[in-house]
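Read the structure below first, then the notes.
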Amino acid sequence: MPPPPRPAARQSSNARSSSKQFQSHRRAGSASDTERGSGDPTLRRRLGEMTKKLENINLKYQNVREVGIQEKESNFDRLKRATDKREKAQDDLIQSLKQQITSLQSISLETSSLRNEISALKDSNARLVAENKTLTASLTSTQNENKTLSTKLAAARSSQPPESKIVPGSAVKPRSVVLPGSAEAAKETQIRQLKEDLYSDLTGLIVRGVKRNDSEDVYDCIQTGRNGTLHFHLAVSSPDADKPAYEDAEFAYTPLLDENRDRDLLDILPDYLTEEICFPRSHAAKFYAKVVDCMTKRIVVEED
């Protein structure tokens with residue numbers, strides 16, 4: 001933007017000062033120069049032109065000097081405002097970063113605390129899961145033992161003879177005849193029962209009863225074990241008259257399973273023990289080994 005025009009008074013004062021300087025220079029010269037200058041019109045004209053040029057140059061210098069001072073002050077103010085604004089922005093940024101650092105430190109402490117809590121909860125959960133598995137296994141074992149004892153008790157009750165009514169001594173007629181061998185028969189029955197009890201304790205197999213038909217003998221069996229109680233019928237065919245060999249007998253296995261009562265047992269039994277099967281006597285030992293293995297081996301149920 002060009003500087004505003006100077007007042008006329010200032011220009012006239014500058015012109016007067018220049019003319020005074022010029023006059024002083026003229027006075028300082030020799031008398032011969034003055035006489036020559038006053039007598040030469042060309043020299044006077046050139047001197048006037050030089051004086052005007054000097055005044056113009058001096059005026060331009062003053063204007064440029066004032067413009068420079070104003071521009072310098074304006075630039076200084078502008079730079080000062082920009083510097084103050086930049087400094088304020090930097091202070092705000094530093095303050096914001098400090099707040100973020102404080103917040104991150106607080107979050108880091110909370111995260112560390114939460115990690116410790118999660119680790120403690122995981123340890124507690126693992127311990128509870130292990131205790132749950134132990135208690136579940138103990139409960140299953142106890143239930144199986146309870147079923148086994150109940151089955152043995154039921155089998156023992158069914159094998160006992162009916163209780164005889166107590167008859168008063170006065171109503172009993174004395175008999176002079178004593179059946180021979182009654183003591184031996186009772187003793188033999190007792191020994192047979194002891195053998196059955198020992199066999200049941202060793203193998204877990206309880207034979208509740210036997211039904212004899214013309215063509216086969218049907219055994220009502222219960223196999224007990226760690227995994228539960230398996231109730232089944234085992235039919236053994238009688239040898240034919242034409243083939244009286246002992247090895248020719250056929251075995252027929254019929255499971256007596258209930259979906260509600262034996263739900264856990266059905267999950268672990270193989271398919272061939274949940275349906276009727278037939279096999280020769282030579283495979284009876286293998287069949288029973290499979291039954292014992294299914295009823296006594298430890299089953300680990302993996303939870304999802």
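All residue names refer to the structure tokens as shown: chains lettered A, B, ... in order, residues numbered from 1 in each chain, ligands numbered from 1 in order.
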Exercise. Might you pull out every residue within 12 Å of Leu269 in chain A, with only C-alpha atoms counted and same-chain residues fewer than 4 positions away left off, and present them as a ChimeraX atom specification?
Key: /A:227-230,255,257,262-265,273-275,290-297,299
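Atom to atom, CA of Val67 in chain A and CA of Ala82 in chain A stand 22.1 Å apart.
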Practice problem: Name all residues at most 10 Å from range 214-223 of chain A (count only C-alpha atoms; drop same-chain ones fewer than 2 positions away) and give them as a count of residues only. | Solution: 41
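Here CA of Lys133 in chain A is placed at a distance of 24.0 Å from CA of Leu149 in chain A.
For the atom pair formed by CA of Ala289 in chain A and CA of Thr224 in chain A, the distance is 13.3 Å, given to one decimal.
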